[in-house]
Amino acid sequence: MTRVYRSPVAAKGLRVLIVGAGFYPDAATAEPGRPALTELTSVAPSALALAQALLTAWRGSLAMELSSIDLLLSDPGQPGGALWPGIGGAGEVAQGTPVDPPTLENVEQALRDVLVDAESDEGLFLFFCGHGFSRGDRYFVLSDFGQGIDPWSRTVNLSGLDLALRQCKPRTHWLFWDCCADIPSEILDALGSVGTSLIRARASALSGAIAAYGPLSRFGAASSPLGVQAFGLAGKPTRFAEMLLEALDGTGATKRQDGAWWVDHSGIQDAFQSYATRHPDLQDPEFYAFVTPFSSDAPQRMRFRRLPSAPSSVLLASSSPRRGGLKRAQICVLPQGALDEAQAVPGCEPRQPTTAVVRFALPPWETYTVKAIFGEETQTKSCFADLPLAEPAEFHVP
Amino acid sequence: MTELTVTSTADMGPMTVSVLSPRSDSTEFVLCAGSTAKTLSVEPGHYTIVARRPNGSRLHRSTVVGDGGASVSLSDTVGVTPNEFMEREFARGEVASSSGGAGAPLSGVFADALSQARLRRDGFTRRFDDNLAAPSSVVSPTDVDALSLSLWVLQGQAWVQIGRHRPREIAEVSDDFVKFRVPGWPVGIPGSYVLLAVGLIDEAGFGPIVCLPPFADPGGLTFVLEGVKVRVADRDATGQQRVPVALFSPGSRPMADLLASLATPYTLMAASIWDQVIPSLAPDAGGDVERTLAFLSDQGRHAEALVVAHYVLRFLPKRLPVAGTERLIDALPSVADGPIIAAWAWIQNRPELADDGEVNAAVSRLASRALNRPVSLFARTRTLIFEARHLLEPEEAGGSLWNQVAAFRRAGAAAGGLECFWGTAPDRPTFGIGDPGAVSDKSSREPQGRSAQ
């Protein structure tokens with residue numbers, strides 16, 4: 001295992017395990033009953049972007065002090081072994097420290113280390129990124145897939161792991177599975193059980209944990225498309241990671257709580273679900289439309305981090321019946337009831353759009369007047385800047 | 001100080017309402033069938049009311065509260081539906097008012113699951129266009145008159161088809177919807193109900209099939225043709241949220257509120273919904289789960305009792321005692337929901353004197369009973385059964401019955417919280433007639449994952 005960060009001050013708090021499998025040296029070619037696995041250049045950027053955000057921008061604002069980060073990574077860009085790039089914070093390992101790959105043995109050890117001496121008031125944050133598949137349950141493919149007599153033994157049953165973690169002491173779980181859940185023909189042919197859940201779940205242990213450690217706050221989301229494969233972007237974070245990072249960075253704060261804006265599990269879901277809408281310039285919006293929680297029944301809002309300032313609400317203006325009609329207009333956003341463009345909200349001054357859908361970022365929880373001038377005709381719409389998405393302004397093109 | 005009153009109607013379903021003050025503070029509460037008005041003491045000023053529905057859609061209203069107070073009716077924001085037989089679903093936000101916008105005419109489905117499915121279906125079909133012909137299962141039926149409503153009843157342990165009709169013969173039909181009126185079953189008369197399944201199937205006998213719980217009050221099952229068209233091209237629009245193919249409106253408003261909350265991936269303030277809904281379902285139970293279940297069971301409202309138990313197990317699990325679930329196990333002897341709820345009640349609330357061996361044995365016994373029953377009534381049931389498999393000994397967790405549960409889950413679709421899947425009969429989940437490889441189609445035979453980075 002590779003512990004890349006241990007808090008110099010906090011013995012308890014949020015325990016993070018990031019598992020990124022992008023390089024599968026033993027599965028470069030297909031064999032009977034076992035597919036070849038392509039290299040994934042999006043895995044390392046995803047895993048490292050998450051680690052970096054935790055160690056820098058988010059570190060001082062997490063609801064639970066960051067206690068540790070364990071990282072397992074295989075990267076086709078570093079076939080000799082991944083190295084920690086170094087971010088420069090206290091408690092972090094030195095730049096260039098070798099990072100172990102996510103083999104079965106390493107993942108088992110890492111999970112043991114993450115859980116050792118954990119208390120019930122601590123949190124777990126797991127992010128698994130790589131190849132995956134479904135066979136009733138959801139599975140993650142480890143980087144030593146292809147080794148051994150049974151290649152399918154080198155896979156993690158994520159559904160089973162999710163269940164088994166509920167019998168562990170930490171009662172706050174953030175689980176993110178960034179891998180496919182399609183059904184390859186080879187797995188349909190595989191006989192017997194497949195993979196390991198890493199921890200054996202037992203009814204008695206589950207019930208004992210609930211009785212002894214209290215109720216669980218658990219939020220999980222997964223990328224699980226059926227029949228669609230292309231989720232990564234070469235050399236960049238995966239689309240799921242992109243959405244997750246955006247949500248945790250601030251879009252997931254949709255409610256002021258105790259005088260502050262908190263990213264919480266409810267807001268993260270809102271952020272996921274509105275992502276494709278809030279980004280109308282996406283080339284392939286269908287690939288951003290698959291995320292919903294597999295677990296979201298926390299007894300109350302699960303807070304992840306506090307924002308230093310209010311998040312922005314995204315307001316989209318468009319036209320009908322012709323979608324491109326706004327390109328002939330001057331459009332701006334004004335405080336509610338104002339009509340003079342000189343009063344436009346900063347950043348939302350009059351402009352002639354070049355796209356069919358115009359995107360404005362606005363201070364939240366205010367009502368605004370959106371003004372569009374089509375030659376001699378002026379139209380206004382009143383829109384409330386809800387979070388993360390404002391009421392839309394749709395103009396009728398004269 | 002003055003007063004601001006926010007009102008809804010019982011038909012609008014459960015809503016989490018936020019009242020945003022001029023200082024950007026917010027007050028949250030629930031409006032549902034059990035409580036359709038809330039009055040707050042507020043300072044005069046401009047307020048915005050945001051009501052979040054179970055499907056994630058939101059209603060917005062603004063008002064200026066003067067010294068004399070103000071009242072805001074959320075029902076004013078609802079508008080008028082073009083399909084008069086869909087008024088109830090429309091009021092609940094399950095159906096949009098116009099055909100404009102992505103996802104219409106079903107913009108109310110959670111998180112726009114249908115429009116997302118359509119987006120991905122289009123991309124999926126495009127990829128086939130670029131390569132070879134799409135599998136037949138991707139090609140969608142568009143003409144409702146080419147479909148049939150097929151009815152099955154459970155006789156003993158087997159499903160028997162009792163009719164196959166053109167939709168217009170037995171249902172209300174529009175361009176977008178096929179609405180089948182579901183009968184209510186008299187309570188208090190043992191054996192007075194039948195277990196019924198309804199499918200909207202194509203000429204080859206394939207389509208979405210919904211199992212209907214025997215509620216005491218009549219209800220409405222509405223197939224959504226846009227969802228039906230998506231077919232096997234994309235059953236999973238979003239994570240575990242299946243592509244919606246039908247909506248279900250129980251006749252009882254409180255029951256509809258609980259079921260709507262159960263059918264959505266996340267529900268805020270579930271405890272408040274419970275507190276407001278339960279007095280009208282079980283007036284003398286005082287909100288106690290065990291007494292509520294006993295009251296409903298004594299009345300013969302077994303399907304209603306299962307909804308209540310599912311709700312509590314999911315949102316308020318500490319309130320579901322093992323003893324309260326015992327009478328659910330055999331109330332509907334062919335139905336898997338009761339025993340699997342009881343199994344999970346053992347995990348959530350193990351009896352104080354029970355040792356580990358007893359807990360493991362009880363869960364194993366109850367999961368096995370659920371597994372051997374031919375009917376699941378609610379969408380959560382097969383997930384609960386399949387998850388329980390991890391808790392059993394390896395020799396118990398194998399076998400063809402588990403594969404069958406997995407097949408049902410793979411073929412699953414969404415129908416407002418009811419059990420629903422694609423197939424040819426209530427006991428035959430499949431992926432398409434004449435196209436047995438549909439689920440492992442061309443694209444998914446490639447190495448799984450991100451091969452097309």
# chains A, B, ... in the order shown; residues from 1 in each chain; ligands from 1
>>> select_by_dssp(residues="stretch 155-211 of chain B", states="strand (DSSP E or B)", output="ChimeraX atom specification")
/B:155,158-165,172-173,177-182,196-201,207-211
>>> residues_around(residues="A:Cys179", least_positions_apart="2", cutoff="8 Å", atoms="only C-alpha atoms", output="PyMOL selection string")
(chain A and resi 128-133+140+177+181+222-224) or (chain B and resi 449)
>>> residues_around(residues="B:Ile347", least_positions_apart="3", cutoff="7 Å", atoms="only C-alpha atoms", output="list in words")
Ala203, Leu206 and Ser207 of chain A; Ala343, Trp344 and Arg350 of chain B
>>> write_last_selection(atoms="all heavy atoms", output="tab-separated table (two decimals), in the first residue's frame")
chain	number	residue	atom	x	y	z
A	203	ALA	N	-24.47	-11.30	8.34
A	203	ALA	CA	-25.68	-10.67	8.89
A	203	ALA	C	-25.46	-10.28	10.35
A	203	ALA	O	-25.83	-9.18	10.78
A	203	ALA	CB	-26.86	-11.63	8.76
A	206	LEU	N	-23.19	-7.24	10.59
A	206	LEU	CA	-23.91	-6.03	10.20
A	206	LEU	C	-24.83	-5.56	11.31
A	206	LEU	O	-24.84	-4.37	11.67
A	206	LEU	CB	-24.76	-6.32	8.96
A	206	LEU	CG	-24.19	-5.99	7.59
A	206	LEU	CD1	-25.22	-6.39	6.52
A	206	LEU	CD2	-23.86	-4.52	7.46
A	207	SER	N	-25.61	-6.49	11.83
A	207	SER	CA	-26.56	-6.09	12.88
A	207	SER	C	-25.82	-5.67	14.13
A	207	SER	O	-26.23	-4.73	14.82
A	207	SER	CB	-27.53	-7.24	13.18
A	207	SER	OG	-26.83	-8.33	13.71
B	343	ALA	N	-36.20	-10.22	6.89
B	343	ALA	CA	-34.77	-10.57	6.99
B	343	ALA	C	-33.95	-9.33	7.32
B	343	ALA	O	-33.08	-9.34	8.20
B	343	ALA	CB	-34.30	-11.19	5.67
B	344	TRP	N	-34.23	-8.24	6.63
B	344	TRP	CA	-33.45	-7.03	6.87
B	344	TRP	C	-33.81	-6.37	8.20
B	344	TRP	O	-32.99	-5.65	8.79
B	344	TRP	CB	-33.60	-6.06	5.69
B	344	TRP	CG	-32.74	-6.50	4.54
B	344	TRP	CD1	-33.12	-7.28	3.49
B	344	TRP	CD2	-31.35	-6.24	4.36
B	344	TRP	NE1	-32.04	-7.52	2.66
B	344	TRP	CE2	-30.95	-6.88	3.17
B	344	TRP	CE3	-30.40	-5.53	5.08
B	344	TRP	CZ2	-29.63	-6.83	2.68
B	344	TRP	CZ3	-29.09	-5.47	4.60
B	344	TRP	CH2	-28.72	-6.12	3.42
B	350	ARG	N	-31.69	-6.26	15.59
B	350	ARG	CA	-31.62	-7.63	16.12
B	350	ARG	C	-32.22	-7.64	17.52
B	350	ARG	O	-31.96	-6.74	18.34
B	350	ARG	CB	-30.19	-8.15	16.12
B	350	ARG	CG	-29.26	-7.38	17.03
B	350	ARG	CD	-27.81	-7.80	16.85
B	350	ARG	NE	-27.52	-9.13	17.35
B	350	ARG	CZ	-26.39	-9.78	17.08
B	350	ARG	NH1	-25.48	-9.23	16.29
B	350	ARG	NH2	-26.15	-10.96	17.57
>>> residues_around(residues="stretch 382-390 of chain B", least_positions_apart="2", cutoff="9 Å", atoms="only C-alpha atoms", output="NGL selection string")
(:A and (136-137 or 159-160 or 163-164 or 200-203)) or (:B and (336-337 or 340-341 or 343-344 or 363-364 or 367-368 or 370-371 or 376 or 378-380 or 392-394 or 396-398 or 402 or 405-406 or 408-409 or 419))
>>> write_last_selection(atoms="N, CA and C atoms", output="compact mmCIF listing (two decimals), in the first residue's frame")
# COMPACT_ATOMS: atom_id res chain seq x y z
N GLY A 136 -24.65 -9.26 -12.24
CA GLY A 136 -25.54 -9.16 -11.08
C GLY A 136 -25.06 -8.05 -10.18
N ASP A 137 -23.86 -8.18 -9.63
CA ASP A 137 -23.23 -7.12 -8.85
C ASP A 137 -22.36 -6.26 -9.75
N SER A 159 -20.26 -4.20 -5.02
CA SER A 159 -21.54 -4.28 -4.28
C SER A 159 -21.32 -4.99 -2.95
N GLY A 160 -20.54 -6.08 -2.99
CA GLY A 160 -20.24 -6.81 -1.76
C GLY A 160 -19.39 -5.99 -0.81
N LEU A 163 -21.49 -3.44 0.96
CA LEU A 163 -22.26 -4.04 2.05
C LEU A 163 -21.36 -4.34 3.25
N ALA A 164 -20.19 -4.91 2.98
CA ALA A 164 -19.31 -5.31 4.08
C ALA A 164 -18.78 -4.10 4.86
N ARG A 200 -15.53 -10.05 4.22
CA ARG A 200 -16.69 -10.94 4.23
C ARG A 200 -17.82 -10.30 5.03
N ALA A 201 -18.96 -10.14 4.38
CA ALA A 201 -20.12 -9.58 5.09
C ALA A 201 -20.87 -10.70 5.80
N ARG A 202 -21.35 -10.40 6.99
CA ARG A 202 -22.15 -11.36 7.76
C ARG A 202 -23.36 -10.61 8.32
N ALA A 203 -24.47 -11.30 8.34
CA ALA A 203 -25.68 -10.67 8.89
C ALA A 203 -25.46 -10.28 10.35
N ALA B 336 -42.64 -12.21 -2.32
CA ALA B 336 -41.33 -12.24 -1.69
C ALA B 336 -41.07 -11.05 -0.78
N ASP B 337 -41.86 -10.00 -0.93
CA ASP B 337 -41.56 -8.77 -0.20
C ASP B 337 -41.55 -8.96 1.32
N ILE B 340 -38.40 -10.89 2.83
CA ILE B 340 -37.10 -10.21 2.70
C ILE B 340 -37.07 -8.95 3.55
N ILE B 341 -38.21 -8.29 3.72
CA ILE B 341 -38.25 -7.16 4.66
C ILE B 341 -37.96 -7.66 6.07
N ALA B 343 -36.20 -10.22 6.89
CA ALA B 343 -34.77 -10.57 6.99
C ALA B 343 -33.95 -9.33 7.32
N TRP B 344 -34.23 -8.24 6.63
CA TRP B 344 -33.45 -7.03 6.87
C TRP B 344 -33.81 -6.37 8.20
N VAL B 363 -31.76 -14.65 9.02
CA VAL B 363 -31.60 -13.97 7.73
C VAL B 363 -31.54 -15.00 6.60
N SER B 364 -30.82 -16.07 6.83
CA SER B 364 -30.71 -17.12 5.82
C SER B 364 -32.08 -17.73 5.53
N ALA B 367 -34.38 -15.07 3.76
CA ALA B 367 -33.94 -14.78 2.39
C ALA B 367 -34.29 -15.95 1.49
N SER B 368 -34.14 -17.16 2.02
CA SER B 368 -34.46 -18.35 1.24
C SER B 368 -35.96 -18.40 0.92
N ALA B 370 -37.94 -15.84 0.64
CA ALA B 370 -38.21 -14.81 -0.37
C ALA B 370 -37.77 -15.29 -1.74
N LEU B 371 -36.64 -15.93 -1.76
CA LEU B 371 -36.07 -16.38 -3.04
C LEU B 371 -36.98 -17.39 -3.73
N SER B 376 -42.59 -10.63 -6.89
CA SER B 376 -42.13 -9.44 -6.15
C SER B 376 -43.07 -8.30 -6.53
N PHE B 378 -42.78 -4.92 -5.29
CA PHE B 378 -42.19 -3.58 -5.31
C PHE B 378 -40.74 -3.63 -5.80
N ALA B 379 -40.32 -2.50 -6.38
CA ALA B 379 -39.05 -2.49 -7.08
C ALA B 379 -37.86 -2.79 -6.17
N ARG B 380 -37.97 -2.43 -4.90
CA ARG B 380 -36.83 -2.63 -4.01
C ARG B 380 -36.60 -4.09 -3.65
N LEU B 392 -25.01 -14.80 3.01
CA LEU B 392 -25.25 -16.24 3.17
C LEU B 392 -23.95 -17.02 2.99
N GLU B 393 -23.99 -18.25 3.44
CA GLU B 393 -22.85 -19.13 3.20
C GLU B 393 -22.76 -19.39 1.70
N PRO B 394 -21.53 -19.65 1.20
CA PRO B 394 -21.35 -19.81 -0.25
C PRO B 394 -22.28 -20.86 -0.85
N GLU B 396 -25.21 -21.59 0.06
CA GLU B 396 -26.57 -21.07 -0.01
C GLU B 396 -26.72 -20.01 -1.10
N ALA B 397 -25.60 -19.36 -1.43
CA ALA B 397 -25.66 -18.21 -2.34
C ALA B 397 -25.54 -18.60 -3.80
N GLY B 398 -25.42 -19.89 -4.08
CA GLY B 398 -25.35 -20.32 -5.47
C GLY B 398 -26.72 -20.78 -5.94
N TRP B 402 -30.90 -17.79 -7.77
CA TRP B 402 -30.17 -16.51 -7.68
C TRP B 402 -29.94 -15.96 -9.08
N VAL B 405 -32.97 -14.17 -10.11
CA VAL B 405 -33.09 -12.82 -9.52
C VAL B 405 -32.21 -11.85 -10.30
N ALA B 406 -30.99 -12.31 -10.62
CA ALA B 406 -30.08 -11.45 -11.38
C ALA B 406 -30.67 -11.11 -12.74
N PHE B 408 -33.86 -10.90 -13.54
CA PHE B 408 -34.91 -9.90 -13.34
C PHE B 408 -34.31 -8.52 -13.16
N ARG B 409 -33.24 -8.44 -12.41
CA ARG B 409 -32.62 -7.13 -12.17
C ARG B 409 -32.01 -6.57 -13.45
N GLU B 419 -42.65 -3.39 -9.07
CA GLU B 419 -41.77 -4.32 -9.77
C GLU B 419 -42.08 -4.26 -11.27
>>> residues_around(residues="B:Leu225", least_positions_apart="5", cutoff="8 Å", atoms="only C-alpha atoms", output="number ranges by chain")
B: 142, 144, 175-178, 245
>>> write_last_selection(atoms="all heavy atoms", output="mmCIF file, in the first residue's frame")
data_model
loop_
_atom_site.group_PDB
_atom_site.id
_atom_site.type_symbol
_atom_site.label_atom_id
_atom_site.label_comp_id
_atom_site.auth_asym_id
_atom_site.auth_seq_id
_atom_site.Cartn_x
_atom_site.Cartn_y
_atom_site.Cartn_z
ATOM 1 N N THR B 142 -43.417 2.486 -32.562
ATOM 2 C CA THR B 142 -43.885 3.847 -32.356
ATOM 3 C C THR B 142 -45.401 3.928 -32.380
ATOM 4 O O THR B 142 -45.976 4.909 -31.948
ATOM 5 C CB THR B 142 -43.333 4.779 -33.448
ATOM 6 O OG1 THR B 142 -43.650 4.214 -34.717
ATOM 7 C CG2 THR B 142 -41.831 4.924 -33.318
ATOM 8 N N VAL B 144 -48.934 2.866 -31.110
ATOM 9 C CA VAL B 144 -49.546 2.193 -29.968
ATOM 10 C C VAL B 144 -50.495 1.090 -30.423
ATOM 11 O O VAL B 144 -50.689 0.087 -29.718
ATOM 12 C CB VAL B 144 -50.266 3.216 -29.061
ATOM 13 C CG1 VAL B 144 -51.462 3.828 -29.760
ATOM 14 C CG2 VAL B 144 -50.687 2.575 -27.756
ATOM 15 N N ASP B 175 -51.433 10.107 -27.447
ATOM 16 C CA ASP B 175 -50.190 9.925 -28.192
ATOM 17 C C ASP B 175 -49.040 9.477 -27.300
ATOM 18 O O ASP B 175 -48.081 8.865 -27.764
ATOM 19 C CB ASP B 175 -49.788 11.242 -28.867
ATOM 20 C CG ASP B 175 -50.727 11.589 -30.000
ATOM 21 O OD1 ASP B 175 -51.480 10.692 -30.425
ATOM 22 O OD2 ASP B 175 -50.723 12.755 -30.440
ATOM 23 N N ASP B 176 -49.127 9.824 -26.028
ATOM 24 C CA ASP B 176 -47.991 9.594 -25.136
ATOM 25 C C ASP B 176 -48.229 8.530 -24.081
ATOM 26 O O ASP B 176 -47.283 7.999 -23.512
ATOM 27 C CB ASP B 176 -47.642 10.899 -24.398
ATOM 28 C CG ASP B 176 -47.399 12.049 -25.351
ATOM 29 O OD1 ASP B 176 -46.686 11.819 -26.336
ATOM 30 O OD2 ASP B 176 -47.935 13.146 -25.123
ATOM 31 N N PHE B 177 -49.503 8.251 -23.782
ATOM 32 C CA PHE B 177 -49.790 7.419 -22.618
ATOM 33 C C PHE B 177 -50.827 6.341 -22.910
ATOM 34 O O PHE B 177 -51.715 6.531 -23.742
ATOM 35 C CB PHE B 177 -50.330 8.282 -21.467
ATOM 36 C CG PHE B 177 -49.429 9.423 -21.108
ATOM 37 C CD1 PHE B 177 -49.796 10.732 -21.393
ATOM 38 C CD2 PHE B 177 -48.216 9.196 -20.493
ATOM 39 C CE1 PHE B 177 -48.963 11.790 -21.072
ATOM 40 C CE2 PHE B 177 -47.370 10.241 -20.163
ATOM 41 C CZ PHE B 177 -47.748 11.544 -20.460
ATOM 42 N N VAL B 178 -50.685 5.237 -22.175
ATOM 43 C CA VAL B 178 -51.724 4.203 -22.148
ATOM 44 C C VAL B 178 -52.054 3.979 -20.679
ATOM 45 O O VAL B 178 -51.203 3.506 -19.909
ATOM 46 C CB VAL B 178 -51.232 2.882 -22.785
ATOM 47 C CG1 VAL B 178 -52.263 1.781 -22.585
ATOM 48 C CG2 VAL B 178 -50.942 3.074 -24.262
ATOM 49 N N VAL B 245 -40.884 3.289 -17.650
ATOM 50 C CA VAL B 245 -41.815 2.851 -18.686
ATOM 51 C C VAL B 245 -43.262 3.025 -18.246
ATOM 52 O O VAL B 245 -44.164 2.964 -19.063
ATOM 53 C CB VAL B 245 -41.580 1.384 -19.090
ATOM 54 C CG1 VAL B 245 -40.216 1.215 -19.711
ATOM 55 C CG2 VAL B 245 -41.739 0.461 -17.903
#
>>> residues_around(residues="A:Arg305", least_positions_apart="4", cutoff="9 Å", atoms="only C-alpha atoms", output="JSON, numbers by chain")
{"A": [58, 59, 60, 61, 62, 63, 64, 248, 249, 250, 253, 261, 262, 263, 264]}
>>> decode(residues="stretch 366-388 of chain B", atoms="N, CA and C atoms", output="mmCIF file, in the first residue's frame")
data_model
loop_
_atom_site.group_PDB
_atom_site.id
_atom_site.type_symbol
_atom_site.label_atom_id
_atom_site.label_comp_id
_atom_site.auth_asym_id
_atom_site.auth_seq_id
_atom_site.Cartn_x
_atom_site.Cartn_y
_atom_site.Cartn_z
ATOM 1 N N LEU B 366 -35.108 -16.493 6.055
ATOM 2 C CA LEU B 366 -36.067 -15.564 5.449
ATOM 3 C C LEU B 366 -35.675 -15.204 4.014
ATOM 4 N N ALA B 367 -34.380 -15.066 3.763
ATOM 5 C CA ALA B 367 -33.939 -14.783 2.392
ATOM 6 C C ALA B 367 -34.287 -15.955 1.486
ATOM 7 N N SER B 368 -34.136 -17.163 2.015
ATOM 8 C CA SER B 368 -34.464 -18.351 1.238
ATOM 9 C C SER B 368 -35.961 -18.405 0.917
ATOM 10 N N ARG B 369 -36.766 -18.027 1.886
ATOM 11 C CA ARG B 369 -38.218 -18.009 1.623
ATOM 12 C C ARG B 369 -38.553 -16.989 0.551
ATOM 13 N N ALA B 370 -37.943 -15.845 0.644
ATOM 14 C CA ALA B 370 -38.211 -14.809 -0.366
ATOM 15 C C ALA B 370 -37.769 -15.289 -1.742
ATOM 16 N N LEU B 371 -36.636 -15.934 -1.761
ATOM 17 C CA LEU B 371 -36.074 -16.383 -3.040
ATOM 18 C C LEU B 371 -36.980 -17.394 -3.732
ATOM 19 N N ASN B 372 -37.679 -18.179 -2.936
ATOM 20 C CA ASN B 372 -38.498 -19.248 -3.509
ATOM 21 C C ASN B 372 -39.925 -18.810 -3.860
ATOM 22 N N ARG B 373 -40.210 -17.548 -3.710
ATOM 23 C CA ARG B 373 -41.563 -17.083 -4.037
ATOM 24 C C ARG B 373 -41.590 -16.473 -5.436
ATOM 25 N N PRO B 374 -42.682 -16.668 -6.145
ATOM 26 C CA PRO B 374 -42.691 -16.288 -7.564
ATOM 27 C C PRO B 374 -42.954 -14.812 -7.850
ATOM 28 N N VAL B 375 -43.369 -14.052 -6.857
ATOM 29 C CA VAL B 375 -43.802 -12.677 -7.139
ATOM 30 C C VAL B 375 -43.049 -11.678 -6.264
ATOM 31 N N SER B 376 -42.590 -10.626 -6.893
ATOM 32 C CA SER B 376 -42.129 -9.442 -6.154
ATOM 33 C C SER B 376 -43.068 -8.304 -6.530
ATOM 34 N N LEU B 377 -43.537 -7.577 -5.541
ATOM 35 C CA LEU B 377 -44.508 -6.521 -5.839
ATOM 36 C C LEU B 377 -43.859 -5.155 -6.007
ATOM 37 N N PHE B 378 -42.775 -4.919 -5.290
ATOM 38 C CA PHE B 378 -42.192 -3.579 -5.310
ATOM 39 C C PHE B 378 -40.743 -3.635 -5.799
ATOM 40 N N ALA B 379 -40.323 -2.504 -6.379
ATOM 41 C CA ALA B 379 -39.047 -2.491 -7.083
ATOM 42 C C ALA B 379 -37.862 -2.788 -6.167
ATOM 43 N N ARG B 380 -37.973 -2.427 -4.904
ATOM 44 C CA ARG B 380 -36.834 -2.625 -4.008
ATOM 45 C C ARG B 380 -36.597 -4.088 -3.651
ATOM 46 N N THR B 381 -37.618 -4.898 -3.831
ATOM 47 C CA THR B 381 -37.563 -6.239 -3.251
ATOM 48 C C THR B 381 -36.424 -7.087 -3.815
ATOM 49 N N ARG B 382 -36.304 -7.131 -5.134
ATOM 50 C CA ARG B 382 -35.263 -8.000 -5.701
ATOM 51 C C ARG B 382 -33.865 -7.469 -5.380
ATOM 52 N N THR B 383 -33.734 -6.162 -5.214
ATOM 53 C CA THR B 383 -32.440 -5.620 -4.791
ATOM 54 C C THR B 383 -32.122 -6.079 -3.374
ATOM 55 N N LEU B 384 -33.127 -6.045 -2.509
ATOM 56 C CA LEU B 384 -32.909 -6.510 -1.131
ATOM 57 C C LEU B 384 -32.563 -7.997 -1.103
ATOM 58 N N ILE B 385 -33.230 -8.768 -1.938
ATOM 59 C CA ILE B 385 -32.935 -10.202 -1.987
ATOM 60 C C ILE B 385 -31.511 -10.417 -2.471
ATOM 61 N N PHE B 386 -31.158 -9.736 -3.550
ATOM 62 C CA PHE B 386 -29.843 -9.975 -4.148
ATOM 63 C C PHE B 386 -28.728 -9.526 -3.193
ATOM 64 N N GLU B 387 -28.983 -8.444 -2.487
ATOM 65 C CA GLU B 387 -27.966 -7.968 -1.548
ATOM 66 C C GLU B 387 -27.806 -8.956 -0.389
ATOM 67 N N ALA B 388 -28.899 -9.583 0.013
ATOM 68 C CA ALA B 388 -28.832 -10.549 1.112
ATOM 69 C C ALA B 388 -27.971 -11.760 0.746
#
